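Student: Below you'll find target-v1.cif; it's mmCIF, C-alpha atoms and all ligand atoms.
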data_work
#
loop_
_atom_site.label_atom_id
_atom_site.label_comp_id
_atom_site.auth_asym_id
_atom_site.auth_seq_id
_atom_site.Cartn_x
_atom_site.Cartn_y
_atom_site.Cartn_z
CA MET E 1 167.56 111.26 106.76
CA ILE E 2 165.44 109.58 104.14
CA ILE E 3 166.43 107.05 101.49
CA LEU E 4 164.43 107.06 98.28
CA GLY E 5 164.67 104.57 95.43
CA ALA E 6 162.89 101.83 93.54
CA PRO E 7 161.84 98.63 95.27
CA GLY E 8 164.91 96.43 95.19
CA ALA E 9 167.32 99.37 94.76
CA GLY E 10 169.00 98.45 98.04
CA LYS E 11 167.48 100.95 100.50
CA GLY E 12 167.37 98.29 103.21
CA THR E 13 170.94 97.14 102.55
CA GLN E 14 172.35 100.69 102.67
CA SER E 15 170.36 101.36 105.85
CA ASP E 16 171.75 98.20 107.48
CA TRP E 17 175.31 99.25 106.60
CA LEU E 18 174.71 102.78 107.92
CA LEU E 19 173.42 101.30 111.16
CA ASN E 20 176.56 99.20 111.50
CA LYS E 21 178.74 102.28 111.12
CA TRP E 22 176.90 105.05 112.98
CA GLU E 23 174.61 105.30 115.97
CA ILE E 24 171.43 105.69 114.05
CA GLU E 25 167.99 104.09 114.07
CA THR E 26 165.81 103.01 111.16
CA ILE E 27 162.13 103.14 110.53
CA VAL E 28 161.33 100.65 107.78
CA VAL E 29 157.76 101.14 106.65
CA GLY E 30 157.49 97.87 104.68
CA GLN E 31 158.71 95.98 107.75
CA LEU E 32 156.16 97.74 110.01
CA LEU E 33 153.48 96.54 107.59
CA ARG E 34 154.91 93.01 107.45
CA ASN E 35 154.85 92.95 111.29
CA GLU E 36 151.14 93.79 111.14
CA ILE E 37 150.62 90.92 108.69
CA VAL E 38 152.38 88.49 111.03
CA LYS E 39 150.20 89.78 113.95
CA GLY E 40 147.10 89.21 111.81
CA SER E 41 145.73 92.68 112.69
CA LYS E 42 143.03 94.35 110.59
CA LEU E 43 145.66 96.67 109.15
CA GLY E 44 147.85 93.64 108.42
CA GLN E 45 145.06 91.88 106.54
CA PHE E 46 144.41 94.99 104.47
CA ALA E 47 148.12 95.61 103.87
CA GLU E 48 148.63 92.02 102.76
CA LYS E 49 146.08 92.42 99.95
CA LYS E 50 147.60 95.70 98.81
CA MET E 51 151.13 94.33 98.97
CA LYS E 52 150.16 91.23 97.00
CA ALA E 53 148.72 93.48 94.30
CA GLY E 54 151.88 95.61 94.30
CA GLU E 55 149.81 98.69 95.23
CA LEU E 56 150.57 101.45 97.68
CA LEU E 57 148.44 101.94 100.78
CA ALA E 58 146.62 105.24 101.31
CA ASP E 59 148.76 108.09 102.66
CA ASP E 60 146.79 108.51 105.92
CA ILE E 61 147.12 104.81 106.80
CA VAL E 62 150.89 104.89 106.32
CA LEU E 63 151.23 108.19 108.14
CA ASP E 64 149.40 106.71 111.17
CA LEU E 65 152.05 104.02 111.22
CA VAL E 66 155.05 106.28 110.66
CA GLN E 67 154.15 109.22 112.91
CA PRO E 68 154.47 107.43 116.29
CA GLU E 69 157.76 105.87 115.18
CA VAL E 70 159.24 109.25 114.21
CA GLU E 71 158.02 110.72 117.50
CA LYS E 72 159.56 107.87 119.50
CA LEU E 73 162.94 108.78 117.98
CA LYS E 74 162.56 112.52 118.54
CA ASP E 75 166.02 113.16 119.98
CA LYS E 76 167.85 110.53 117.96
CA ASP E 77 169.18 110.28 114.41
CA TRP E 78 167.09 108.13 112.14
CA ILE E 79 166.72 106.86 108.59
CA LEU E 80 163.27 106.58 107.13
CA ASP E 81 163.17 103.76 104.54
CA GLY E 82 160.01 103.46 102.44
CA PHE E 83 158.39 106.80 103.29
CA PRO E 84 157.72 109.10 101.56
CA ARG E 85 157.00 107.22 98.35
CA LYS E 86 155.10 110.01 96.64
CA ALA E 87 154.99 113.79 96.70
CA SER E 88 151.79 113.87 98.77
CA GLN E 89 153.55 111.80 101.47
CA ALA E 90 156.53 114.17 101.37
CA VAL E 91 154.13 117.02 102.19
CA LEU E 92 152.79 115.01 105.14
CA LEU E 93 156.33 114.32 106.34
CA ASP E 94 157.22 118.01 106.11
CA LYS E 95 154.23 118.84 108.32
CA LEU E 96 155.03 116.11 110.81
CA LEU E 97 158.65 117.28 111.14
CA ALA E 98 157.66 120.96 111.38
CA ASN E 99 155.24 120.11 114.23
CA ASP E 100 158.05 118.32 116.07
CA ASN E 101 160.54 121.11 115.35
CA GLU E 102 162.71 118.76 113.36
CA SER E 103 164.11 118.76 109.86
CA LEU E 104 165.82 116.39 107.45
CA ASN E 105 169.64 116.41 107.34
CA PHE E 106 169.94 114.35 104.22
CA VAL E 107 167.83 113.06 101.32
CA ALA E 108 169.40 110.21 99.35
CA SER E 109 168.03 108.81 96.10
CA LEU E 110 169.40 105.43 94.99
CA ARG E 111 169.44 104.91 91.24
CA VAL E 112 169.81 101.41 89.91
CA PRO E 113 168.78 100.35 86.36
CA ASP E 114 165.48 98.42 86.19
CA GLU E 115 167.04 95.41 84.46
CA VAL E 116 169.57 95.08 87.28
CA ILE E 117 166.82 95.37 89.90
CA LEU E 118 164.70 92.72 88.19
CA LYS E 119 167.59 90.27 88.21
CA ARG E 120 168.44 91.08 91.81
CA ILE E 121 164.92 90.56 93.04
CA GLU E 122 165.02 86.89 92.00
CA GLU E 123 167.99 86.50 94.32
CA ARG E 124 166.59 88.47 97.28
CA PHE E 125 165.86 86.56 100.48
CA ILE E 126 164.55 87.97 103.73
CA HIS E 127 164.49 87.02 107.39
CA LEU E 128 160.85 87.93 107.94
CA PRO E 129 160.86 88.63 111.71
CA SER E 130 163.74 91.14 111.55
CA GLY E 131 163.56 92.33 107.95
CA ARG E 132 167.26 91.51 107.35
CA THR E 133 167.72 91.04 103.63
CA TYR E 134 170.26 89.05 101.68
CA ASN E 135 171.22 88.74 98.04
CA LEU E 136 172.59 85.41 96.88
CA SER E 137 175.25 87.05 94.65
CA PHE E 138 176.23 90.25 96.47
CA ASN E 139 175.37 89.75 100.11
CA PRO E 140 174.78 86.03 100.74
CA PRO E 141 173.99 84.61 104.20
CA LYS E 142 176.93 82.89 105.91
CA VAL E 143 174.99 79.61 105.88
CA ALA E 144 172.78 79.02 102.83
CA GLY E 145 169.10 79.63 103.58
CA LYS E 146 169.70 80.81 107.18
CA ASP E 147 169.69 84.21 108.85
CA ASP E 148 173.21 85.22 110.03
CA VAL E 149 172.05 86.40 113.45
CA THR E 150 169.38 83.92 114.52
CA GLY E 151 170.05 80.94 112.21
CA GLU E 152 166.33 80.96 111.37
CA PRO E 153 165.16 80.14 107.84
CA LEU E 154 165.09 82.80 105.12
CA SER E 155 162.24 83.16 102.65
CA GLN E 156 161.34 85.12 99.54
CA ARG E 157 158.86 87.96 99.92
CA PRO E 158 155.46 87.06 98.46
CA ASP E 159 155.46 90.43 96.66
CA ASP E 160 158.84 89.74 95.01
CA ASN E 161 157.26 87.55 92.28
CA ALA E 162 157.52 88.79 88.67
CA THR E 163 153.92 90.05 88.25
CA THR E 164 153.68 91.93 91.55
CA PHE E 165 157.16 93.30 91.18
CA ALA E 166 156.36 94.72 87.74
CA ALA E 167 153.38 96.58 89.30
CA ARG E 168 155.58 97.92 92.13
CA LEU E 169 158.21 99.14 89.70
CA LYS E 170 155.57 100.82 87.50
CA SER E 171 154.08 102.62 90.50
CA PHE E 172 157.60 103.72 91.53
CA HIS E 173 158.22 105.27 88.10
CA GLU E 174 154.90 107.12 88.21
CA GLU E 175 155.55 108.62 91.64
CA ASN E 176 159.29 109.15 91.64
CA ASP E 177 159.73 112.29 89.51
CA PRO E 178 157.19 114.38 91.48
CA LEU E 179 158.75 113.07 94.69
CA LEU E 180 162.26 114.07 93.60
CA ALA E 181 160.90 117.45 92.47
CA HIS E 182 159.59 117.99 96.01
CA TYR E 183 163.14 117.61 97.34
CA GLU E 184 164.83 119.47 94.51
CA GLY E 185 168.00 121.15 95.71
CA ALA E 186 168.22 118.85 98.73
CA VAL E 187 168.33 115.41 97.17
CA MET E 188 171.64 113.66 96.46
CA LYS E 189 171.62 110.92 93.84
CA PHE E 190 173.72 107.77 94.11
CA GLU E 191 174.05 105.55 91.04
CA GLY E 192 175.36 102.05 90.74
CA LYS E 193 174.59 98.51 89.68
CA SER E 194 175.15 97.01 93.11
CA SER E 195 174.86 98.09 96.72
CA LYS E 196 178.64 97.67 97.07
CA GLU E 197 179.17 100.16 94.25
CA ILE E 198 176.79 102.70 95.82
CA TRP E 199 177.95 102.31 99.43
CA PRO E 200 181.31 104.20 99.31
CA LYS E 201 179.65 107.19 97.60
CA LEU E 202 176.86 107.31 100.18
CA GLU E 203 179.28 106.81 103.05
CA LYS E 204 181.48 109.69 101.86
CA ALA E 205 178.52 112.03 101.35
CA ILE E 206 177.33 111.34 104.88
CA GLU E 207 180.81 111.87 106.28
CA ASP E 208 181.09 115.18 104.43
CA ARG E 209 177.60 116.55 104.89
CA VAL E 210 175.78 114.94 107.79
CA ILE E 211 178.43 114.20 110.38
CA PRO E 212 179.65 117.84 110.61
CA GLN E 213 176.02 118.94 111.14
CA LEU E 214 175.56 116.39 113.92
CA GLU E 215 178.81 117.47 115.58
CA GLU E 216 177.64 121.09 115.46
CA THR E 217 174.41 120.07 117.14
CA VAL E 218 176.35 118.31 119.88
CA ASP E 219 178.58 121.38 120.43
CA LEU E 220 175.61 123.69 121.03
P1 LIG R 1 158.77 97.75 100.79
O1 LIG R 1 159.14 96.68 101.76
O2 LIG R 1 159.31 99.09 101.16
O3 LIG R 1 159.07 97.37 99.37
O4 LIG R 1 157.17 97.89 100.88
C1 LIG R 1 156.32 96.78 100.63
C2 LIG R 1 154.89 97.25 100.35
O5 LIG R 1 154.37 97.97 101.47
C3 LIG R 1 154.73 98.22 99.18
O6 LIG R 1 154.68 97.55 97.92
C4 LIG R 1 153.39 98.86 99.53
O7 LIG R 1 152.30 98.00 99.27
C5 LIG R 1 153.51 99.02 101.05
N1 LIG R 1 154.15 100.31 101.39
C6 LIG R 1 155.40 100.48 101.90
N2 LIG R 1 155.68 101.79 102.07
C7 LIG R 1 154.58 102.46 101.66
C8 LIG R 1 154.25 103.84 101.56
N3 LIG R 1 155.10 104.81 101.94
N4 LIG R 1 153.03 104.19 101.07
C9 LIG R 1 152.15 103.25 100.70
N5 LIG R 1 152.39 101.93 100.75
C10 LIG R 1 153.59 101.51 101.23
#
Render the structure in this file as structure tokens.

Tutor:
Amino acid sequence: MIILGAPGAGKGTQSDWLLNKWEIETIVVGQLLRNEIVKGSKLGQFAEKKMKAGELLADDIVLDLVQPEVEKLKDKDWILDGFPRKASQAVLLDKLLANDNESLNFVASLRVPDEVILKRIEERFIHLPSGRTYNLSFNPPKVAGKDDVTGEPLSQRPDDNATTFAARLKSFHEENDPLLAHYEGAVMKFEGKSSKEIWPKLEKAIEDRVIPQLEETVDL
């Protein structure tokens, strides 16, 4: 399945909750890029500049990163978070899945008002090595400033500052309508002001639509 939505709409949070409930894997494109930055690779250095500017990387660069991850999970159920982000990437994903004889079970679009997202972003903290995210109001860490699992320090993403975030949100609005049009008829929209408000709707839709499909696959 894929989860679409603005930066800060809670794609990562919903994915984490889905992972806790079902046996499913995630491919988080932003995290793959942040791993490259930590490694200091050439791609990481390039990605860091783009991320700081709030710009998207070229489709072929991101595809090179995503393709091996999707292929690694060929016989498993997965959530792709952060790809596709534009219609041209959706076309690339279609081709990739067709080559592997796979298809999407579910396309979710999270819809959260911009003003809510902007407020939330100020309160977003991340555990950089794992990508676990927290929100000080809705999903705080058990111990202030520390990751729940490792106890390591949390930080704010360098691209979560007001200027960069405005650029990311603008780029999202430019790309989102064509992207949703690509998935017209397949996409399910989930609205809410917080991840907790969206979660039960997403959970129910997956129970109703995806789980029966997976069970059918198992029966075959
Ligand atoms: P995210 O963690 O998903 O908000 O992504 C952080 C940054 O990584 C974005 O602002 C982009 O610079 C880059 N990025 C992530 N996913 C993509 C993508 N599908 N296409 C191009 N750039 C991406």

Student: Can you work out which one of E:Leu180, E:Ala167, E:Ile121, E:Ile2 has the shortest atom-to-atom distance to Met51 in chain E, counting all atoms listed in the file?

Tutor: E:Ala167

Student: Would you write out, as a tab-separated table, a table of all residues in chain E that have an atom no more than 7 Å from an atom of ligand LIG 1 (chain R), listing for each the closest atom pair and the distance in Å to one decimal, considering all atoms listed in the file and ordering rows by chain and rising residue number?

Tutor:
residue	atom	partner	partner_atom	distance
E:Pro7	CA	R:LIG1	O3	5.1
E:Val29	CA	R:LIG1	N2	5.1
E:Gly30	CA	R:LIG1	O1	3.6
E:Gln31	CA	R:LIG1	O1	6.0
E:Leu33	CA	R:LIG1	O5	6.3
E:Ala47	CA	R:LIG1	O7	6.7
E:Lys50	CA	R:LIG1	O7	5.3
E:Met51	CA	R:LIG1	O7	3.9
E:Gly54	CA	R:LIG1	O6	5.0
E:Glu55	CA	R:LIG1	O7	4.8
E:Leu56	CA	R:LIG1	N5	3.6
E:Leu57	CA	R:LIG1	C9	3.9
E:Ala58	CA	R:LIG1	C9	5.9
E:Asp59	CA	R:LIG1	N4	6.0
E:Val62	CA	R:LIG1	N4	5.7
E:Asp81	CA	R:LIG1	O2	6.9
E:Gly82	CA	R:LIG1	O2	4.6
E:Phe83	CA	R:LIG1	N3	4.1
E:Pro84	CA	R:LIG1	N3	5.0
E:Arg85	CA	R:LIG1	N3	4.7
E:Arg168	CA	R:LIG1	O6	5.9

Student: Would you work out the distance separating CA of Ala166 in chain E from CA of Gln14 in chain E, expressed in Å to one decimal?

Tutor: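 Those two atoms sit 22.7 Å apart.
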
Student: Measuring between only C-alpha atoms, which one of E:Asp77, E:Leu118, E:Lys189, E:Leu43 shows the shortest distance to Glu23 in chain E?

Tutor: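 Smallest separation from Glu23 in chain E among the options: E:Asp77.
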
Student: Please compute the CA of Leu154 in chain E-CA of Glu48 in chain E distance, one decimal, in Å.

Tutor: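 Value for the CA of Leu154 in chain E-CA of Glu48 in chain E distance: 19.0 Å.
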
Student: My list of candidates is E:Lys72, E:His173, E:Arg111, E:Lys95. Which is closest to Gly192 in chain E when distances are computed with only C-alpha atoms?

Tutor: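 Among the listed residues, the smallest separation from Gly192 in chain E belongs to E:Arg111.
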
Student: Given the choices E:Asn176, E:Asp100, E:Ile37, E:Pro153, which gets closest to Pro68 in chain E if the distance is worked out from all atoms listed in the file?

Tutor: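 Ranking E:Asn176, E:Asp100, E:Ile37, E:Pro153 by distance to Pro68 in chain E, first place goes to E:Asp100.
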
Student: What is the CA of Asp159 in chain E-CA of Glu203 in chain E distance in Å, reported with one decimal?

Tutor: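 Computing the Euclidean distance for CA of Asp159 in chain E and CA of Glu203 in chain E yields 29.6 Å.
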
Student: As lines of an AutoDock Vina configuration file, please report the centre and edge lengths, rounded to one decimal in Å, of the axis-aligned box that holds all listed atoms of range 73-82 of chain E with 3 Å of padding on each of the six sides.

Tutor:
center_x = 164.6
center_y = 108.3
center_z = 111.2
size_x = 15.2
size_y = 15.7
size_z = 23.5

Student: Find, counting all atoms listed in the file, the residue in E:Asp160, E:Glu197, E:Glu207, E:Glu152 that gets nearest to Lys52 in chain E.

Tutor: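 Between E:Asp160, E:Glu197, E:Glu207, E:Glu152, the residue approaching Lys52 in chain E most closely is E:Asp160.
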
Student: Considering all atoms listed in the file, state which residue in the set E:Tyr134, E:Ile61, E:Met1, E:Gly8 is at the smallest distance from Leu97 in chain E.

Tutor: E:Met1

Student: As a PyMOL selection string, please: the residues near Asp147 in chain E (cut-off 12 Å, only C-alpha atoms, same-chain neighbours under 3 positions excluded).

Tutor: chain E and resi 125-135+139-144+150-155

Student: Quick one: everything within 10 Å of Glu69 in chain E, counting all atoms listed in the file, minus sequence neighbours fewer than 4 positions away in the same chain. Send it as a PDB file with C-alpha atoms, keeping the file's coordinate frame.

Tutor:
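Final file, out-v7.pdb:
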ATOM      1  CA  THR E  26     165.810 103.010 111.160  1.00  0.00           C
ATOM      2  CA  ILE E  27     162.130 103.140 110.530  1.00  0.00           C
ATOM      3  CA  VAL E  28     161.330 100.650 107.780  1.00  0.00           C
ATOM      4  CA  VAL E  29     157.760 101.140 106.650  1.00  0.00           C
ATOM      5  CA  LEU E  32     156.160  97.740 110.010  1.00  0.00           C
ATOM      6  CA  LEU E  63     151.230 108.190 108.140  1.00  0.00           C
ATOM      7  CA  ASP E  64     149.400 106.710 111.170  1.00  0.00           C
ATOM      8  CA  LEU E  65     152.050 104.020 111.220  1.00  0.00           C
ATOM      9  CA  LEU E  73     162.940 108.780 117.980  1.00  0.00           C
ATOM     10  CA  LYS E  74     162.560 112.520 118.540  1.00  0.00           C
ATOM     11  CA  LEU E  80     163.270 106.580 107.130  1.00  0.00           C
TER      12      LEU E  80
END

Student: I'd like the neighbourhood of Met188 in chain E as a PyMOL selection string, where a residue qualifies if any of its atoms comes within 9 Å (using only C-alpha atoms), though same-chain residues fewer than 5 positions away should be ignored.

Tutor: chain E and resi 106-110+205
